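Structure file upload-v6.cif (mmCIF, C-alpha atoms) is printed below.
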```
data_input
loop_
_atom_site.label_atom_id
_atom_site.label_comp_id
_atom_site.auth_asym_id
_atom_site.auth_seq_id
_atom_site.Cartn_x
_atom_site.Cartn_y
_atom_site.Cartn_z
CA MET I 1 82.59 60.20 120.51
CA LEU I 2 81.84 63.35 122.46
CA HIS I 3 80.34 66.53 121.10
CA ILE I 4 80.77 69.85 122.87
CA ASP I 5 78.64 72.93 122.20
CA ILE I 6 79.96 76.30 123.36
CA TRP I 7 77.87 79.47 123.36
CA ALA I 8 80.09 82.53 123.48
CA ASP I 9 80.53 86.06 122.22
CA PHE I 10 83.69 87.59 120.81
CA VAL I 11 83.51 90.52 123.22
CA CYS I 12 83.00 88.28 126.27
CA PRO I 13 86.17 88.31 128.41
CA ALA I 14 85.04 85.22 130.28
CA CYS I 15 84.72 83.40 126.96
CA TYR I 16 88.21 84.62 126.04
CA LEU I 17 89.52 83.08 129.25
CA ALA I 18 87.60 79.83 128.78
CA LYS I 19 88.59 79.11 125.17
CA PRO I 20 92.22 78.05 125.77
CA ARG I 21 91.20 76.15 128.89
CA ILE I 22 88.70 74.08 126.92
CA ASP I 23 91.25 73.59 124.14
CA GLN I 24 93.78 72.45 126.73
CA ALA I 25 91.32 70.08 128.37
CA ILE I 26 90.45 68.49 125.04
CA ALA I 27 94.11 68.12 124.06
CA ALA I 28 94.97 66.56 127.42
CA SER I 29 92.03 64.17 127.40
CA GLY I 30 93.78 61.64 125.22
CA HIS I 31 90.63 61.51 123.13
CA ALA I 32 90.94 64.67 121.07
CA ASP I 33 90.24 62.74 117.90
CA ALA I 34 86.94 61.60 119.35
CA ILE I 35 85.80 65.06 120.42
CA THR I 36 84.04 67.55 118.18
CA VAL I 37 83.20 71.13 119.06
CA THR I 38 80.52 73.47 117.75
CA TYR I 39 81.00 77.16 118.53
CA ARG I 40 77.59 78.74 118.83
CA SER I 41 76.65 82.37 118.55
CA PHE I 42 75.62 84.52 121.46
CA GLU I 43 75.53 88.32 121.40
CA LEU I 44 76.01 90.08 124.71
CA PHE I 45 75.05 93.38 123.08
CA PRO I 46 72.48 92.51 120.41
CA ASP I 47 71.15 96.06 120.37
CA ALA I 48 74.53 97.74 119.97
CA GLY I 49 75.11 99.90 116.93
CA ALA I 50 77.90 99.79 114.40
CA THR I 51 79.83 102.58 116.08
CA PRO I 52 81.87 101.11 118.94
CA PHE I 53 81.75 102.34 122.51
CA ASP I 54 84.34 101.77 125.19
CA SER I 55 83.84 98.59 127.21
CA PHE I 56 85.18 100.28 130.33
CA GLU I 57 82.46 102.92 130.08
CA HIS I 58 79.91 100.10 130.12
CA VAL I 59 81.50 98.54 133.19
CA LEU I 60 81.68 101.93 134.84
CA HIS I 61 78.00 102.53 134.17
CA LYS I 62 77.11 99.15 135.67
CA PHE I 63 78.93 100.17 138.83
CA GLY I 64 77.12 103.45 139.07
CA GLY I 65 80.17 105.47 138.08
CA ASP I 66 82.38 103.94 140.76
CA GLN I 67 85.77 104.17 139.08
CA ALA I 68 87.57 102.16 141.75
CA GLN I 69 85.10 99.29 141.60
CA ALA I 70 85.11 99.18 137.80
CA ALA I 71 88.89 99.29 137.72
CA LEU I 72 89.07 96.50 140.28
CA VAL I 73 86.93 94.22 138.14
CA GLU I 74 88.85 94.97 134.98
CA ASP I 75 92.24 94.68 136.67
CA HIS I 76 91.26 91.27 137.94
CA MET I 77 90.05 90.19 134.51
CA SER I 78 93.33 91.41 133.09
CA ALA I 79 95.30 89.46 135.69
CA LEU I 80 93.40 86.28 134.91
CA ALA I 81 94.18 86.69 131.21
CA ARG I 82 97.84 87.49 131.75
CA ALA I 83 98.18 84.48 134.04
CA GLN I 84 97.40 82.24 131.09
CA GLY I 85 99.45 84.19 128.58
CA GLN I 86 96.70 86.28 127.03
CA PRO I 87 96.93 90.04 126.66
CA TYR I 88 93.87 92.00 127.81
CA ALA I 89 92.84 95.50 126.84
CA VAL I 90 90.79 97.03 129.64
CA HIS I 91 89.46 99.48 127.06
CA HIS I 92 88.17 97.45 124.14
CA PRO I 93 85.48 98.39 121.64
CA VAL I 94 81.92 97.12 121.89
CA ALA I 95 79.63 97.19 118.85
CA ARG I 96 77.13 95.05 117.00
CA ALA I 97 78.75 91.65 116.48
CA PHE I 98 76.11 90.08 114.26
CA ASP I 99 78.34 90.03 111.18
CA ALA I 100 81.20 88.58 113.21
CA HIS I 101 78.90 85.77 114.26
CA ARG I 102 77.75 85.20 110.69
CA MET I 103 81.41 84.95 109.76
CA LEU I 104 81.91 82.46 112.58
CA HIS I 105 79.40 80.15 110.93
CA LEU I 106 81.21 80.50 107.62
CA ALA I 107 84.48 79.71 109.39
CA THR I 108 82.79 76.63 110.84
CA GLU I 109 81.76 75.58 107.34
CA HIS I 110 85.45 75.70 106.40
CA GLY I 111 86.67 73.97 109.56
CA VAL I 112 88.48 77.01 110.95
CA ALA I 113 86.10 78.33 113.58
CA SER I 114 88.57 77.88 116.41
CA GLU I 115 91.28 79.76 114.53
CA PHE I 116 88.86 82.56 113.66
CA ILE I 117 87.69 82.97 117.26
CA ASN I 118 91.24 82.99 118.56
CA ALA I 119 92.29 85.66 116.10
CA VAL I 120 89.29 87.93 116.65
CA GLN I 121 89.42 87.71 120.43
CA ARG I 122 93.17 88.26 120.50
CA ASP I 123 92.71 91.45 118.49
CA LEU I 124 89.49 92.67 120.08
CA LEU I 125 90.05 91.81 123.73
CA GLY I 126 93.80 91.52 123.72
CA GLN I 127 94.64 94.61 121.69
CA GLY I 128 91.48 96.69 121.70
CA ILE I 129 91.23 96.60 117.90
CA ASN I 130 87.88 97.30 116.25
CA ALA I 131 87.10 93.79 115.04
CA TYR I 132 83.56 94.54 113.89
CA THR I 133 84.22 96.18 110.52
CA ALA I 134 83.71 94.39 107.25
CA ALA I 135 87.32 94.97 106.30
CA TYR I 136 88.58 93.47 109.54
CA LEU I 137 86.25 90.47 109.41
CA ALA I 138 87.08 89.66 105.81
CA ASP I 139 90.79 89.83 106.53
CA ALA I 140 90.58 87.81 109.75
CA ALA I 141 88.46 85.13 108.09
CA ALA I 142 90.83 84.86 105.16
CA LYS I 143 93.82 84.58 107.47
CA ALA I 144 92.01 81.86 109.42
CA GLY I 145 91.50 79.88 106.24
CA VAL I 146 88.17 80.98 104.79
CA PRO I 147 88.39 81.62 101.04
CA ALA I 148 88.58 85.41 100.69
CA ALA I 149 85.86 85.56 98.06
CA ARG I 150 83.47 83.65 100.32
CA ALA I 151 84.19 85.96 103.25
CA THR I 152 83.58 89.04 101.12
CA ALA I 153 80.39 87.57 99.68
CA LEU I 154 79.04 86.78 103.13
CA LEU I 155 79.47 90.37 104.24
CA ALA I 156 77.59 91.60 101.19
CA GLY I 157 74.50 89.55 102.03
CA ASP I 158 72.73 87.96 104.97
CA GLU I 159 74.17 84.47 104.80
CA TYR I 160 74.08 82.61 108.12
CA ALA I 161 71.85 85.23 109.73
CA ASP I 162 69.32 82.50 110.47
CA ALA I 163 72.04 80.31 111.97
CA VAL I 164 73.08 83.07 114.37
CA ARG I 165 69.48 83.67 115.40
CA GLY I 166 68.96 79.95 115.72
CA ASP I 167 71.84 79.59 118.14
CA GLU I 168 70.53 82.48 120.21
CA LYS I 169 67.01 81.06 120.21
CA LEU I 170 68.33 77.75 121.45
CA ALA I 171 70.28 79.53 124.18
CA ARG I 172 67.08 81.20 125.36
CA GLU I 173 65.25 77.87 125.31
CA LEU I 174 68.04 76.36 127.38
CA GLY I 175 67.75 79.17 129.89
CA VAL I 176 71.34 80.27 129.53
CA THR I 177 72.10 82.79 132.27
CA ALA I 178 75.83 83.13 131.79
CA VAL I 179 78.36 82.77 129.01
CA PRO I 180 80.45 81.01 128.09
CA PHE I 181 77.91 78.22 128.27
CA THR I 182 79.30 74.78 127.50
CA ILE I 183 77.33 71.59 126.95
CA LEU I 184 79.14 68.28 126.85
CA GLY I 185 77.49 65.29 125.27
CA GLY I 186 74.19 67.11 125.08
CA ARG I 187 73.58 66.77 128.79
CA LEU I 188 76.33 68.13 131.05
CA ALA I 189 76.61 71.91 131.21
CA ILE I 190 79.06 74.41 132.63
CA GLN I 191 78.11 78.06 133.00
CA GLY I 192 80.92 80.59 133.01
CA ALA I 193 84.65 80.13 132.62
CA ALA I 194 85.73 77.08 134.57
CA THR I 195 89.27 75.94 135.15
CA ALA I 196 90.99 73.70 132.63
CA GLY I 197 90.84 70.99 135.28
CA ALA I 198 87.09 71.34 135.63
CA TYR I 199 86.63 71.13 131.88
CA ALA I 200 88.91 68.08 131.83
CA ASP I 201 86.89 66.39 134.56
CA ALA I 202 83.66 67.11 132.74
CA ILE I 203 85.09 65.70 129.50
CA THR I 204 86.21 62.55 131.28
CA ARG I 205 82.82 62.16 132.89
CA ALA I 206 81.00 62.67 129.62
CA LEU I 207 83.32 60.27 127.78
CA THR I 208 83.39 57.52 130.33
CA THR I 209 79.88 57.45 131.62
CA GLY I 210 77.72 59.64 129.49
CA ASP I 211 75.78 59.75 132.70
CA PRO I 212 74.93 63.20 133.97
CA THR I 213 73.97 62.01 137.41
CA MET O 1 70.22 70.33 118.19
CA ASN O 2 67.06 69.68 120.16
CA THR O 3 66.60 71.33 123.51
CA PRO O 4 68.25 68.86 125.86
CA ARG O 5 67.61 68.20 129.50
CA LEU O 6 70.75 69.51 131.15
CA THR O 7 72.63 68.82 134.31
CA ILE O 8 74.46 71.97 135.34
CA LEU O 9 77.77 70.96 136.83
CA ALA O 10 78.65 72.70 140.07
CA VAL O 11 82.23 73.53 139.19
CA GLY O 12 84.31 76.50 140.20
CA THR O 13 84.39 79.33 137.70
CA ASP O 14 86.34 82.56 137.83
CA ALA O 15 84.62 84.74 135.26
CA ALA O 16 81.26 84.90 133.54
CA CYS O 17 79.14 87.25 131.47
CA ASP O 18 75.48 88.02 132.09
CA PRO O 19 73.24 87.73 129.03
CA GLU O 20 70.86 90.30 130.45
CA THR O 21 73.30 93.12 131.13
CA GLY O 22 76.33 92.37 129.01
CA THR O 23 78.40 92.74 132.14
CA CYS O 24 81.23 90.36 132.82
CA ALA O 25 81.90 89.59 136.43
CA VAL O 26 84.89 88.42 138.34
CA PRO O 27 83.34 87.52 141.67
CA GLN O 28 86.49 87.92 143.74
CA ALA O 29 86.72 91.51 142.60
CA THR O 30 83.09 92.52 142.99
CA PRO O 31 82.16 93.00 146.64
CA PRO O 32 78.48 93.74 147.19
CA SER O 33 77.51 97.37 146.93
CA PRO O 34 74.49 98.80 148.76
CA ASP O 35 73.78 101.06 145.81
CA ASN O 36 74.25 98.72 142.88
CA SER O 37 73.14 95.21 142.22
CA PRO O 38 76.22 93.11 141.70
CA PRO O 39 76.44 92.44 137.97
CA GLU O 40 77.26 88.84 138.67
CA ALA O 41 74.03 88.31 140.61
CA GLY O 42 72.59 84.96 139.70
CA LEU O 43 75.75 83.93 137.95
CA PRO O 44 78.33 81.42 138.98
CA PRO O 45 81.74 82.79 139.73
CA GLY O 46 83.52 83.48 136.49
CA ALA O 47 80.40 83.71 134.37
CA HIS O 48 79.88 86.72 132.11
CA PRO O 49 76.46 88.34 132.04
CA GLY O 50 74.65 88.42 128.72
CA PRO O 51 73.17 91.03 126.35
CA GLY O 52 73.60 94.58 127.48
CA LYS O 53 70.04 95.75 127.45
#
```
Output the structure of this file as structure tokens.
Amino acid sequence: MLHIDIWADFVCPACYLAKPRIDQAIAASGHADAITVTYRSFELFPDAGATPFDSFEHVLHKFGGDQAQAALVEDHMSALARAQGQPYAVHHPVARAFDAHRMLHLATEHGVASEFINAVQRDLLGQGINAYTAAYLADAAAKAGVPAARATALLAGDEYADAVRGDEKLARELGVTAVPFTILGGRLAIQGAATAGAYADAITRALTTGDPT
Amino acid sequence: MNTPRLTILAVGTDAACDPETGTCAVPQATPPSPDNSPPEAGLPPGAHPGPGK
């Protein structure tokens, strides 16, 4: 048996790139039935408000207003996504994702976390859709397989808030400096979006030796 | 999950997000700038920086 923990955020393009690569590596391992995955919460913008801002404006700000530099980064991100069949919206909304992460934990409870992540990231990062609203999250969760009444009830309360904070606390304790952050077998870690081959190699190593050295 | 002792694998990555800035970097596309710290500083290629504070 091998357990994989993945810290990621919905609005993280690198996580969007990594998700299908990890899925592919697991499927190709020949041991998919012996591998379990826990998707853990990580907010890149924990202080963001409910009103979305444009991701490109954030990138532009980080580059001191250098349009060419910001466009270069985003064009490259877009090319990486397209190369593996994923659409990418250079302008996608950024807002508080806490409720989306609470919903992720509910999706996990119902065994559909992977489906939920795929749907939200495809809409948010692929199409630039505002995936932070209660209406969107309830609909996406229901389509992924969460009972609609449970999804609606979650949004009306604070269910799984502690689970989200717990994941983020653990990430801080682990010293996570980049996401996605993937831990295989509790000992081997990969920071950032690796290639499917690298994830496959890490899975093989964790399965066959369990030895991190 | 208890805090484990981790071995960080030195594998090639092509994107990553920085938890401190919320900035996602694609190293091949981010040449150093004399005026701005590269957002991927301290990150492996392909990692995405964390929370945008």
query: Quick one: which residues end up in the PyMOL selection byres ((chain I) within 8 of (chain O)) for this structure, as a PyMOL selection string?
result: chain I and resi 12-15+17+43-47+58-59+62-64+69+72-73+76-77+170+173-174+176-180+186-195+198+212-213
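Atom CA of Asp75 of chain I lies 20.5 Å from atom CA of Asp9 of chain I.
Shortest atom-to-atom contact with Ala95 of chain I among I:Ala32, I:Leu124, I:Ala70, I:Ile6: I:Leu124, counting only C-alpha atoms.
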Exercise. Evaluate the PyMOL selection byres ((chain I and resi 88) around 7) on the structure here and hand back the selected residues as a count of residues only.
Key: 9
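For the pair atom CA of Phe42 of chain I and atom CA of Ala171 of chain I, the interatomic distance is 7.8 Å.
The residue that comes closest to Tyr16 of chain I, out of I:Val37, I:Ala113, I:Ala119, I:Ala161 and on the basis of all atoms listed in the file, is I:Ala119.
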A straight line from atom CA of Asp33 of chain I to atom CA of Val120 of chain I spans 25.2 Å
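Ranking I:Lys19, I:His31, I:Arg82, I:Arg40 by their shortest atom-to-atom distance to Ala100 of chain I, with only C-alpha atoms included, puts I:Arg40 first.
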Draw an axis-aligned box over all listed atoms of segment 174-192 of chain I, pad each side with 6 Å, and write its centre and edge lengths in Å, one decimal, as AutoDock Vina command-line options.
```
--center_x 74.3 --center_y 74.2 --center_z 129.0 --size_x 25.2 --size_y 29.8 --size_z 19.9
```
| query | Taking the file as shown, what set of residues would the PyMOL selection byres ((chain I and resi 105) around 10) give back, as a VMD selection string? | reply | chain I and resid 38 to 41 99 to 104 106 to 113 159 to 161 163 to 164
Exercise for review: Give as an MDAnalysis selection string each residue that has an atom at most 10 Å from (88.6, 61.9, 127.9) in the file, counting only C-alpha atoms.
Suggested key: chainID I and resid 1:2 25:32 34:35 200:208
Could you pull the residues within 7 Å of Pro93 of chain I, counting only C-alpha atoms, minus those fewer than 5 positions along the same chain, as a short mmCIF file (atom, residue, chain, number, x, y, z; two decimals) with C-alpha atoms, in the frame of the given file?
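For reference, result16.cif as written:
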```cif
data_model
loop_
_atom_site.label_atom_id
_atom_site.label_comp_id
_atom_site.auth_asym_id
_atom_site.auth_seq_id
_atom_site.Cartn_x
_atom_site.Cartn_y
_atom_site.Cartn_z
CA PRO I 52 81.87 101.11 118.94
CA PHE I 53 81.75 102.34 122.51
CA ASP I 54 84.34 101.77 125.19
CA SER I 55 83.84 98.59 127.21
CA GLY I 128 91.48 96.69 121.70
CA ASN I 130 87.88 97.30 116.25
#
```
Any chance you could build segment 32-62 of chain I out to N, CA and C atoms and write it as an mmCIF file, in the coordinates of the input?
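So part_25.cif came out as:
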```cif
data_model
loop_
_atom_site.group_PDB
_atom_site.id
_atom_site.type_symbol
_atom_site.label_atom_id
_atom_site.label_comp_id
_atom_site.auth_asym_id
_atom_site.auth_seq_id
_atom_site.Cartn_x
_atom_site.Cartn_y
_atom_site.Cartn_z
ATOM 1 N N ALA I 32 91.237 63.500 121.906
ATOM 2 C CA ALA I 32 90.940 64.670 121.070
ATOM 3 C C ALA I 32 90.335 64.286 119.730
ATOM 4 N N ASP I 33 90.766 63.160 119.211
ATOM 5 C CA ASP I 33 90.240 62.740 117.900
ATOM 6 C C ASP I 33 88.781 62.313 117.972
ATOM 7 N N ALA I 34 88.320 62.051 119.182
ATOM 8 C CA ALA I 34 86.940 61.600 119.350
ATOM 9 C C ALA I 34 86.028 62.726 119.847
ATOM 10 N N ILE I 35 86.571 63.918 119.915
ATOM 11 C CA ILE I 35 85.800 65.060 120.420
ATOM 12 C C ILE I 35 85.597 66.084 119.314
ATOM 13 N N THR I 36 84.359 66.489 119.138
ATOM 14 C CA THR I 36 84.040 67.550 118.180
ATOM 15 C C THR I 36 83.448 68.727 118.942
ATOM 16 N N VAL I 37 83.670 69.914 118.405
ATOM 17 C CA VAL I 37 83.200 71.130 119.060
ATOM 18 C C VAL I 37 82.409 71.986 118.077
ATOM 19 N N THR I 38 81.264 72.484 118.525
ATOM 20 C CA THR I 38 80.520 73.470 117.750
ATOM 21 C C THR I 38 80.507 74.781 118.538
ATOM 22 N N TYR I 39 81.005 75.836 117.905
ATOM 23 C CA TYR I 39 81.000 77.160 118.530
ATOM 24 C C TYR I 39 79.717 77.853 118.129
ATOM 25 N N ARG I 40 78.905 78.176 119.104
ATOM 26 C CA ARG I 40 77.590 78.740 118.830
ATOM 27 C C ARG I 40 77.538 80.236 119.162
ATOM 28 N N SER I 41 76.708 80.917 118.434
ATOM 29 C CA SER I 41 76.650 82.370 118.550
ATOM 30 C C SER I 41 75.846 82.820 119.754
ATOM 31 N N PHE I 42 76.341 83.871 120.359
ATOM 32 C CA PHE I 42 75.620 84.520 121.460
ATOM 33 C C PHE I 42 76.090 85.967 121.497
ATOM 34 N N GLU I 43 75.157 86.893 121.366
ATOM 35 C CA GLU I 43 75.530 88.320 121.400
ATOM 36 C C GLU I 43 75.207 88.911 122.776
ATOM 37 N N LEU I 44 76.225 89.407 123.423
ATOM 38 C CA LEU I 44 76.010 90.080 124.710
ATOM 39 C C LEU I 44 75.371 91.452 124.515
ATOM 40 N N PHE I 45 75.589 92.036 123.355
ATOM 41 C CA PHE I 45 75.050 93.380 123.080
ATOM 42 C C PHE I 45 74.308 93.367 121.750
ATOM 43 N N PRO I 46 73.180 92.646 121.691
ATOM 44 C CA PRO I 46 72.480 92.510 120.410
ATOM 45 C C PRO I 46 71.903 93.817 119.897
ATOM 46 N N ASP I 47 71.726 94.786 120.790
ATOM 47 C CA ASP I 47 71.150 96.060 120.370
ATOM 48 C C ASP I 47 72.198 97.137 120.119
ATOM 49 N N ALA I 48 73.469 96.764 120.203
ATOM 50 C CA ALA I 48 74.530 97.740 119.970
ATOM 51 C C ALA I 48 74.534 98.189 118.514
ATOM 52 N N GLY I 49 75.017 99.378 118.286
ATOM 53 C CA GLY I 49 75.110 99.900 116.930
ATOM 54 C C GLY I 49 76.444 99.546 116.299
ATOM 55 N N ALA I 50 76.658 100.084 115.113
ATOM 56 C CA ALA I 50 77.900 99.790 114.400
ATOM 57 C C ALA I 50 79.073 100.613 114.916
ATOM 58 N N THR I 51 78.764 101.740 115.547
ATOM 59 C CA THR I 51 79.830 102.580 116.080
ATOM 60 C C THR I 51 80.219 102.077 117.475
ATOM 61 N N PRO I 52 81.468 101.697 117.657
ATOM 62 C CA PRO I 52 81.870 101.110 118.940
ATOM 63 C C PRO I 52 81.829 102.107 120.092
ATOM 64 N N PHE I 53 81.559 101.570 121.277
ATOM 65 C CA PHE I 53 81.750 102.340 122.510
ATOM 66 C C PHE I 53 82.772 101.617 123.360
ATOM 67 N N ASP I 54 83.268 102.300 124.356
ATOM 68 C CA ASP I 54 84.340 101.770 125.190
ATOM 69 C C ASP I 54 83.777 100.803 126.236
ATOM 70 N N SER I 55 84.310 99.607 126.262
ATOM 71 C CA SER I 55 83.840 98.590 127.210
ATOM 72 C C SER I 55 83.948 99.065 128.653
ATOM 73 N N PHE I 56 85.000 99.833 128.941
ATOM 74 C CA PHE I 56 85.180 100.280 130.330
ATOM 75 C C PHE I 56 84.061 101.236 130.736
ATOM 76 N N GLU I 57 83.576 102.015 129.786
ATOM 77 C CA GLU I 57 82.460 102.920 130.080
ATOM 78 C C GLU I 57 81.217 102.109 130.459
ATOM 79 N N HIS I 58 81.048 100.972 129.800
ATOM 80 C CA HIS I 58 79.910 100.100 130.120
ATOM 81 C C HIS I 58 80.058 99.541 131.536
ATOM 82 N N VAL I 59 81.258 99.077 131.851
ATOM 83 C CA VAL I 59 81.500 98.540 133.190
ATOM 84 C C VAL I 59 81.295 99.637 134.239
ATOM 85 N N LEU I 60 81.807 100.804 133.920
ATOM 86 C CA LEU I 60 81.680 101.930 134.840
ATOM 87 C C LEU I 60 80.213 102.259 135.095
ATOM 88 N N HIS I 61 79.428 102.252 134.038
ATOM 89 C CA HIS I 61 78.000 102.530 134.170
ATOM 90 C C HIS I 61 77.333 101.496 135.068
ATOM 91 N N LYS I 62 77.716 100.220 134.879
ATOM 92 C CA LYS I 62 77.110 99.150 135.670
ATOM 93 C C LYS I 62 77.453 99.280 137.147
#
```
